[in-house]
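final05.txt (compact mmCIF, N, CA and C atoms)
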# COMPACT_ATOMS: atom_id res chain seq x y z
N MET A 15 0.85 -1.17 0.00
CA MET A 15 0.00 0.00 0.00
C MET A 15 0.89 1.24 0.00
N SER A 16 0.56 2.20 -0.83
CA SER A 16 1.34 3.42 -0.89
C SER A 16 1.06 4.31 0.31
N GLU A 17 1.95 5.28 0.52
CA GLU A 17 1.80 6.22 1.64
C GLU A 17 0.55 7.07 1.43
N VAL A 18 -0.20 7.25 2.50
CA VAL A 18 -1.41 8.07 2.45
C VAL A 18 -1.07 9.47 2.91
N VAL A 19 -1.43 10.47 2.10
CA VAL A 19 -1.23 11.86 2.46
C VAL A 19 -2.55 12.41 2.96
N LEU A 20 -2.55 12.94 4.18
CA LEU A 20 -3.76 13.55 4.72
C LEU A 20 -3.78 15.01 4.34
N PHE A 21 -4.86 15.42 3.69
CA PHE A 21 -4.99 16.80 3.24
C PHE A 21 -5.78 17.62 4.24
N CYS A 22 -5.51 18.89 4.24
CA CYS A 22 -6.23 19.86 5.06
C CYS A 22 -7.71 19.76 4.74
N ARG A 23 -8.56 19.87 5.75
CA ARG A 23 -10.00 19.75 5.52
C ARG A 23 -10.72 21.09 5.58
N SER A 24 -9.99 22.19 5.62
CA SER A 24 -10.62 23.50 5.64
C SER A 24 -11.37 23.71 4.32
N ARG A 25 -12.53 24.36 4.41
CA ARG A 25 -13.34 24.63 3.23
C ARG A 25 -13.72 26.10 3.18
N LYS A 26 -13.90 26.58 1.95
CA LYS A 26 -14.36 27.94 1.72
C LYS A 26 -15.36 27.87 0.56
N ASP A 27 -16.61 28.21 0.86
CA ASP A 27 -17.68 28.12 -0.15
C ASP A 27 -17.74 26.73 -0.77
N GLY A 28 -17.51 25.72 0.06
CA GLY A 28 -17.58 24.33 -0.39
C GLY A 28 -16.31 23.80 -1.02
N ARG A 29 -15.35 24.65 -1.33
CA ARG A 29 -14.08 24.20 -1.91
C ARG A 29 -13.18 23.71 -0.78
N ARG A 30 -12.54 22.57 -0.96
CA ARG A 30 -11.66 22.03 0.06
C ARG A 30 -10.22 22.42 -0.21
N CYS A 31 -9.50 22.77 0.83
CA CYS A 31 -8.09 23.11 0.72
C CYS A 31 -7.32 21.91 0.17
N THR A 32 -6.43 22.17 -0.76
CA THR A 32 -5.66 21.10 -1.39
C THR A 32 -4.23 21.00 -0.86
N ARG A 33 -3.98 21.65 0.27
CA ARG A 33 -2.65 21.59 0.88
C ARG A 33 -2.62 20.45 1.91
N PRO A 34 -1.43 19.97 2.27
CA PRO A 34 -1.32 18.89 3.27
C PRO A 34 -1.85 19.32 4.64
N LEU A 35 -2.27 18.34 5.41
CA LEU A 35 -2.74 18.58 6.77
C LEU A 35 -1.64 19.27 7.58
N ASP A 36 -2.05 20.22 8.42
CA ASP A 36 -1.13 20.98 9.29
C ASP A 36 -0.16 21.87 8.52
N HIS A 37 -0.56 22.32 7.34
CA HIS A 37 0.31 23.20 6.56
C HIS A 37 0.38 24.58 7.20
N ALA A 38 1.43 25.31 6.86
CA ALA A 38 1.56 26.70 7.32
C ALA A 38 0.96 27.63 6.27
N GLY A 39 0.50 28.78 6.71
CA GLY A 39 0.02 29.80 5.76
C GLY A 39 -1.43 29.62 5.37
N LEU A 40 -1.79 30.30 4.29
CA LEU A 40 -3.18 30.32 3.83
C LEU A 40 -3.61 28.98 3.24
N HIS A 41 -4.93 28.76 3.28
CA HIS A 41 -5.52 27.60 2.62
C HIS A 41 -5.63 27.92 1.14
N ARG A 42 -5.64 26.87 0.30
CA ARG A 42 -5.67 27.11 -1.14
C ARG A 42 -6.46 26.03 -1.85
N HIS A 43 -7.25 26.45 -2.82
CA HIS A 43 -7.90 25.55 -3.77
C HIS A 43 -7.76 26.23 -5.13
N ARG A 44 -6.90 25.68 -5.96
CA ARG A 44 -6.53 26.30 -7.24
C ARG A 44 -6.07 27.73 -6.99
N THR A 45 -6.75 28.73 -7.53
CA THR A 45 -6.31 30.12 -7.34
C THR A 45 -7.02 30.82 -6.20
N ILE A 46 -7.93 30.15 -5.52
CA ILE A 46 -8.66 30.72 -4.39
C ILE A 46 -7.87 30.47 -3.12
N MET A 47 -7.65 31.52 -2.32
CA MET A 47 -6.94 31.37 -1.05
C MET A 47 -7.77 32.00 0.06
N TRP A 48 -7.64 31.46 1.29
CA TRP A 48 -8.37 32.00 2.43
C TRP A 48 -7.66 31.68 3.73
N ALA A 49 -7.97 32.49 4.74
CA ALA A 49 -7.44 32.29 6.09
C ALA A 49 -8.47 31.51 6.91
N ASP A 50 -8.06 31.04 8.08
CA ASP A 50 -8.98 30.31 8.95
C ASP A 50 -10.23 31.13 9.26
N ALA A 51 -10.05 32.44 9.43
CA ALA A 51 -11.18 33.30 9.77
C ALA A 51 -12.24 33.34 8.67
N GLY A 52 -11.85 33.08 7.43
CA GLY A 52 -12.80 33.11 6.31
C GLY A 52 -13.30 31.75 5.90
N ALA A 53 -12.91 30.71 6.63
CA ALA A 53 -13.30 29.35 6.28
C ALA A 53 -14.75 29.07 6.63
N ASP A 54 -15.33 28.09 5.93
CA ASP A 54 -16.67 27.63 6.26
C ASP A 54 -16.67 27.05 7.67
N ALA A 55 -17.84 27.02 8.30
CA ALA A 55 -17.97 26.41 9.63
C ALA A 55 -17.59 24.94 9.56
N ALA A 56 -17.07 24.41 10.66
CA ALA A 56 -16.65 23.01 10.70
C ALA A 56 -17.83 22.05 10.55
N HIS A 57 -19.02 22.46 11.00
CA HIS A 57 -20.20 21.59 10.92
C HIS A 57 -20.51 21.30 9.47
N CYS A 58 -20.65 20.03 9.13
CA CYS A 58 -20.89 19.64 7.74
C CYS A 58 -22.34 19.91 7.35
N PRO A 59 -22.56 20.62 6.23
CA PRO A 59 -23.93 20.87 5.78
C PRO A 59 -24.64 19.60 5.32
N GLY A 60 -23.92 18.49 5.18
CA GLY A 60 -24.54 17.22 4.83
C GLY A 60 -25.22 16.55 6.02
N SER A 61 -24.99 17.05 7.23
CA SER A 61 -25.64 16.50 8.42
C SER A 61 -27.16 16.56 8.25
N GLY A 62 -27.81 15.46 8.56
CA GLY A 62 -29.28 15.41 8.47
C GLY A 62 -29.81 15.01 7.12
N ALA A 63 -28.94 14.87 6.12
CA ALA A 63 -29.38 14.48 4.79
C ALA A 63 -29.78 13.00 4.78
N PRO A 64 -30.70 12.61 3.91
CA PRO A 64 -31.05 11.19 3.80
C PRO A 64 -29.83 10.39 3.36
N GLY A 65 -29.72 9.18 3.85
CA GLY A 65 -28.59 8.34 3.49
C GLY A 65 -28.94 6.87 3.58
N SER A 66 -28.05 6.06 3.08
CA SER A 66 -28.21 4.61 3.20
C SER A 66 -26.82 4.02 3.40
N PRO A 67 -26.77 2.87 4.06
CA PRO A 67 -25.47 2.26 4.31
C PRO A 67 -24.71 2.02 3.01
N ALA A 68 -23.44 2.37 3.00
CA ALA A 68 -22.61 2.17 1.82
C ALA A 68 -22.34 0.68 1.65
N GLU A 69 -22.20 0.28 0.39
CA GLU A 69 -21.88 -1.12 0.11
C GLU A 69 -20.55 -1.46 0.75
N PRO A 70 -20.48 -2.56 1.49
CA PRO A 70 -19.24 -2.87 2.22
C PRO A 70 -18.17 -3.52 1.34
N LEU A 71 -16.93 -3.36 1.79
CA LEU A 71 -15.83 -4.12 1.22
C LEU A 71 -15.91 -5.54 1.79
N ALA A 72 -15.05 -6.43 1.33
CA ALA A 72 -15.09 -7.82 1.80
C ALA A 72 -14.92 -7.94 3.31
N ASP A 73 -14.17 -7.02 3.93
CA ASP A 73 -13.94 -7.09 5.37
C ASP A 73 -15.01 -6.35 6.19
N GLY A 74 -16.06 -5.83 5.52
CA GLY A 74 -17.16 -5.17 6.21
C GLY A 74 -17.07 -3.66 6.25
N PHE A 75 -15.91 -3.07 5.94
CA PHE A 75 -15.78 -1.62 5.94
C PHE A 75 -16.73 -1.04 4.91
N PRO A 76 -17.47 -0.03 5.23
CA PRO A 76 -17.46 0.94 6.30
C PRO A 76 -18.41 0.65 7.46
N ASP A 77 -18.72 -0.60 7.67
CA ASP A 77 -19.45 -1.04 8.87
C ASP A 77 -20.81 -0.39 9.03
N GLY A 78 -21.57 -0.35 7.94
CA GLY A 78 -22.95 0.16 8.00
C GLY A 78 -23.08 1.66 7.94
N ARG A 79 -21.99 2.37 7.81
CA ARG A 79 -22.05 3.83 7.72
C ARG A 79 -22.33 4.26 6.29
N ALA A 80 -22.79 5.49 6.15
CA ALA A 80 -23.10 6.05 4.83
C ALA A 80 -22.02 7.05 4.44
N LEU A 81 -21.80 7.21 3.15
CA LEU A 81 -20.85 8.20 2.65
C LEU A 81 -21.55 9.54 2.53
N CYS A 82 -21.04 10.53 3.23
CA CYS A 82 -21.60 11.88 3.15
C CYS A 82 -21.21 12.49 1.80
N PRO A 83 -22.19 12.96 1.02
CA PRO A 83 -21.86 13.52 -0.29
C PRO A 83 -21.16 14.87 -0.22
N VAL A 84 -21.16 15.51 0.94
CA VAL A 84 -20.53 16.83 1.08
C VAL A 84 -19.07 16.70 1.48
N CYS A 85 -18.79 15.99 2.57
CA CYS A 85 -17.42 15.93 3.09
C CYS A 85 -16.69 14.63 2.75
N GLN A 86 -17.37 13.69 2.12
CA GLN A 86 -16.77 12.42 1.71
C GLN A 86 -16.26 11.59 2.88
N ARG A 87 -16.90 11.73 4.05
CA ARG A 87 -16.59 10.90 5.20
C ARG A 87 -17.68 9.86 5.37
N PHE A 88 -17.34 8.73 5.98
CA PHE A 88 -18.35 7.74 6.33
C PHE A 88 -18.89 8.10 7.71
N VAL A 89 -20.21 8.27 7.81
CA VAL A 89 -20.84 8.66 9.06
C VAL A 89 -22.01 7.74 9.37
N GLU A 90 -22.35 7.68 10.64
CA GLU A 90 -23.47 6.86 11.10
C GLU A 90 -24.80 7.44 10.60
N LEU A 91 -25.81 6.59 10.58
CA LEU A 91 -27.17 7.00 10.25
C LEU A 91 -28.01 6.98 11.52
N ASP A 92 -28.96 7.91 11.62
CA ASP A 92 -29.86 7.90 12.77
C ASP A 92 -31.01 6.93 12.51
N ASP A 93 -31.98 6.89 13.40
CA ASP A 93 -33.10 5.96 13.29
C ASP A 93 -34.02 6.27 12.11
N PHE A 94 -33.85 7.43 11.49
CA PHE A 94 -34.67 7.84 10.35
C PHE A 94 -33.88 7.79 9.04
N SER A 95 -32.75 7.08 9.04
CA SER A 95 -31.87 6.94 7.89
C SER A 95 -31.36 8.28 7.37
N ARG A 96 -31.01 9.15 8.30
CA ARG A 96 -30.40 10.44 7.96
C ARG A 96 -29.00 10.46 8.56
N LEU A 97 -28.11 11.20 7.89
CA LEU A 97 -26.73 11.31 8.39
C LEU A 97 -26.73 12.04 9.72
N VAL A 98 -26.05 11.48 10.71
CA VAL A 98 -25.97 12.13 12.02
C VAL A 98 -25.18 13.43 11.89
N ASP A 99 -25.36 14.33 12.86
CA ASP A 99 -24.58 15.57 12.87
C ASP A 99 -23.10 15.23 12.93
N HIS A 100 -22.34 15.87 12.07
CA HIS A 100 -20.90 15.63 12.03
C HIS A 100 -20.20 16.85 11.46
N ASP A 101 -18.89 16.91 11.70
CA ASP A 101 -18.04 17.96 11.15
C ASP A 101 -17.43 17.47 9.84
N THR A 102 -16.96 18.40 9.03
CA THR A 102 -16.34 18.02 7.76
C THR A 102 -14.98 17.37 7.98
N PHE A 103 -14.42 17.51 9.17
CA PHE A 103 -13.09 16.97 9.45
C PHE A 103 -13.12 16.19 10.75
N ASP A 104 -12.52 15.02 10.74
CA ASP A 104 -12.39 14.21 11.94
C ASP A 104 -10.93 14.22 12.36
N GLY A 105 -10.62 14.98 13.39
CA GLY A 105 -9.24 15.11 13.84
C GLY A 105 -8.62 13.82 14.32
N SER A 106 -9.44 12.82 14.62
CA SER A 106 -8.89 11.55 15.10
C SER A 106 -8.64 10.57 13.96
N GLU A 107 -8.94 10.97 12.72
CA GLU A 107 -8.74 10.07 11.59
C GLU A 107 -7.25 9.80 11.41
N THR A 108 -6.90 8.54 11.24
CA THR A 108 -5.51 8.14 11.05
C THR A 108 -5.23 7.91 9.57
N ALA A 109 -3.98 7.74 9.24
CA ALA A 109 -3.61 7.42 7.86
C ALA A 109 -4.24 6.10 7.44
N ALA A 110 -4.36 5.15 8.37
CA ALA A 110 -5.00 3.87 8.05
C ALA A 110 -6.48 4.07 7.72
N ASP A 111 -7.16 4.96 8.47
CA ASP A 111 -8.57 5.26 8.19
C ASP A 111 -8.71 5.88 6.79
N ALA A 112 -7.84 6.83 6.48
CA ALA A 112 -7.87 7.47 5.17
C ALA A 112 -7.59 6.44 4.07
N GLY A 113 -6.71 5.51 4.35
CA GLY A 113 -6.41 4.45 3.38
C GLY A 113 -7.61 3.54 3.13
N ARG A 114 -8.35 3.24 4.17
CA ARG A 114 -9.57 2.40 4.01
C ARG A 114 -10.61 3.14 3.18
N ARG A 115 -10.77 4.44 3.43
CA ARG A 115 -11.71 5.24 2.64
C ARG A 115 -11.26 5.27 1.17
N ARG A 116 -9.95 5.43 0.95
CA ARG A 116 -9.41 5.41 -0.41
C ARG A 116 -9.69 4.07 -1.09
N ASP A 117 -9.46 2.96 -0.37
CA ASP A 117 -9.74 1.63 -0.92
C ASP A 117 -11.21 1.49 -1.31
N TRP A 118 -12.09 1.98 -0.44
CA TRP A 118 -13.52 1.89 -0.72
C TRP A 118 -13.87 2.70 -1.97
N LEU A 119 -13.37 3.94 -2.06
CA LEU A 119 -13.68 4.79 -3.21
C LEU A 119 -13.10 4.21 -4.49
N ASN A 120 -11.92 3.59 -4.43
CA ASN A 120 -11.34 2.96 -5.61
C ASN A 120 -12.12 1.72 -6.02
N THR A 121 -12.77 1.07 -5.07
CA THR A 121 -13.56 -0.13 -5.38
C THR A 121 -14.96 0.21 -5.87
N HIS A 122 -15.60 1.16 -5.19
CA HIS A 122 -17.01 1.46 -5.46
C HIS A 122 -17.25 2.77 -6.18
N GLY A 123 -16.29 3.63 -6.24
CA GLY A 123 -16.48 4.94 -6.90
C GLY A 123 -17.20 5.92 -5.99
N TRP A 124 -17.59 7.04 -6.55
CA TRP A 124 -18.22 8.11 -5.78
C TRP A 124 -19.68 7.84 -5.61
So that I can check it, write out the structure of this file as structure tokens.
Amino acid sequence: MSEVVLFCRSRKDGRRCTRPLDHAGLHRHRTIMWADAGADAAHCPGSGAPGSPAEPLADGFPDGRALCPVCQRFVELDDFSRLVDHDTFDGSETAADAGRRRDWLNTHGW
């Protein structure tokens, strides 16, 4: 498995920063740049959207969670099959977690 690069999860008007996690300086997406003060709120606007469990890989990943169409994270569903409240960034995500998400996206697509 190749090395997983974790990218910054800051967003501005829905655009995600394309710089590495914990980078110095301004956030950037192509020619658009912004500071933390101008970033979108951490709360994901996909929270509460209808969802369904993503098709699992052979080992069961993503364990009944749904793929959020906004932040591309796997999140739990509530009793009404809606995405639970979540942030666009999970600070506890490890390189292994990002690798599993990459494997899933390479297998199943968007």
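Around the coordinate (0.1, 24.2, 8.6), residues that reach within 12 Å when counting only C-alpha atoms are Leu20, Phe21, Cys22, Arg23, Ser24, Cys31, Thr32, Arg33, Pro34, Leu35, Asp36, His37, Ala38, Gly39, Leu40, His41, Arg42, Ala49 and Asp50 of chain A.
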Legend entry - Who sits within 6.5 Å of Asp54 (chain A), all atoms listed in the file, same chain under 6 positions skipped, as a VMD selection string: chain A and resid 24 to 27
Legend entry - Closest of A:Asp104, A:Ser66, A:Gly52, A:Leu71 to Asp117 (chain A) - atom-to-atom distances counting all atoms listed in the file: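 Residue with the minimum atom-to-atom distance to Asp117 (chain A): A:Leu71.
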Inset, instruction - Measure the distance from CA of Ser106 (chain A) to atom C of Phe94 (chain A) in Å and round it to one decimal. - result: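 Spanning CA of Ser106 (chain A) to atom C of Phe94 (chain A) is a straight-line distance of 26.0 Å.
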Inset, instruction - Find the residue from A:Pro76, A:Leu97, A:Asp92, A:Gln86 that sits nearest to Pro64 (chain A); use only N, CA and C atoms when measuring. - result: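 So, comparing all the options, the nearest one is A:Leu97.
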Legend entry - Gap from CA of Gly62 (chain A) to CA of Arg115 (chain A) - Å, one decimal: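 Separation of CA of Gly62 (chain A) and CA of Arg115 (chain A): 21.1 Å.
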Legend entry - Point-to-point distance in Å for CA of Ala80 (chain A) and CA of Gly113 (chain A):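 These atoms are spaced 16.8 Å apart.
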Legend entry - Selected residue, from A:His100, A:Arg116, A:Ala110, A:Gly105, that lies nearest to Cys58 (chain A) when counting only C-alpha atoms: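 Closest to Cys58 (chain A), using only C-alpha atoms: A:His100.
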Inset, instruction - Give as number ranges by chain every residue, naming chains and numbers as the document does, that has an atom within 6.5 Å of (-19.4, -0.9, -2.6), counting only N, CA and C atoms. - result: A: 68-71, 121-122
Legend entry - DSSP-assigned alpha helix (DSSP H) members of region 46-112 of chain A, reported as a list in words: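 Taking region 46-112 of chain A and keeping alpha helix (DSSP H) gives Ala109, Ala110, Asp111 and Ala112 of chain A.
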Inset, instruction - Could you find all residues in chain A that DSSP calls strand (DSSP E) from the backbone, and write them as number ranges by chain? - result: A: 25-26, 29-30, 41-43, 46-48, 80-81, 88-89
Keeping only N, CA and C atoms, take the residues you just selected and write them out as an mmCIF file, in the coordinates of the input.
data_model
loop_
_atom_site.group_PDB
_atom_site.id
_atom_site.type_symbol
_atom_site.label_atom_id
_atom_site.label_comp_id
_atom_site.auth_asym_id
_atom_site.auth_seq_id
_atom_site.Cartn_x
_atom_site.Cartn_y
_atom_site.Cartn_z
ATOM 1 N N ARG A 25 -12.530 24.360 4.410
ATOM 2 C CA ARG A 25 -13.340 24.630 3.230
ATOM 3 C C ARG A 25 -13.720 26.100 3.180
ATOM 4 N N LYS A 26 -13.900 26.580 1.950
ATOM 5 C CA LYS A 26 -14.360 27.940 1.720
ATOM 6 C C LYS A 26 -15.360 27.870 0.560
ATOM 7 N N ARG A 29 -15.350 24.650 -1.330
ATOM 8 C CA ARG A 29 -14.080 24.200 -1.910
ATOM 9 C C ARG A 29 -13.180 23.710 -0.780
ATOM 10 N N ARG A 30 -12.540 22.570 -0.960
ATOM 11 C CA ARG A 30 -11.660 22.030 0.060
ATOM 12 C C ARG A 30 -10.220 22.420 -0.210
ATOM 13 N N HIS A 41 -4.930 28.760 3.280
ATOM 14 C CA HIS A 41 -5.520 27.600 2.620
ATOM 15 C C HIS A 41 -5.630 27.920 1.140
ATOM 16 N N ARG A 42 -5.640 26.870 0.300
ATOM 17 C CA ARG A 42 -5.670 27.110 -1.140
ATOM 18 C C ARG A 42 -6.460 26.030 -1.850
ATOM 19 N N HIS A 43 -7.250 26.450 -2.820
ATOM 20 C CA HIS A 43 -7.900 25.550 -3.770
ATOM 21 C C HIS A 43 -7.760 26.230 -5.130
ATOM 22 N N ILE A 46 -7.930 30.150 -5.520
ATOM 23 C CA ILE A 46 -8.660 30.720 -4.390
ATOM 24 C C ILE A 46 -7.870 30.470 -3.120
ATOM 25 N N MET A 47 -7.650 31.520 -2.320
ATOM 26 C CA MET A 47 -6.940 31.370 -1.050
ATOM 27 C C MET A 47 -7.770 32.000 0.060
ATOM 28 N N TRP A 48 -7.640 31.460 1.290
ATOM 29 C CA TRP A 48 -8.370 32.000 2.430
ATOM 30 C C TRP A 48 -7.660 31.680 3.730
ATOM 31 N N ALA A 80 -22.790 5.490 6.150
ATOM 32 C CA ALA A 80 -23.100 6.050 4.830
ATOM 33 C C ALA A 80 -22.020 7.050 4.440
ATOM 34 N N LEU A 81 -21.800 7.210 3.150
ATOM 35 C CA LEU A 81 -20.850 8.200 2.650
ATOM 36 C C LEU A 81 -21.550 9.540 2.530
ATOM 37 N N PHE A 88 -17.340 8.730 5.980
ATOM 38 C CA PHE A 88 -18.350 7.740 6.330
ATOM 39 C C PHE A 88 -18.890 8.100 7.710
ATOM 40 N N VAL A 89 -20.210 8.270 7.810
ATOM 41 C CA VAL A 89 -20.840 8.660 9.060
ATOM 42 C C VAL A 89 -22.010 7.740 9.370
#
Legend entry - Nearest to Trp118 (chain A), chosen from A:Phe75, A:Phe103, A:Ala53, A:Arg30, with only N, CA and C atoms counted in the distances: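 Result for the nearest residue to Trp118 (chain A): A:Phe75.
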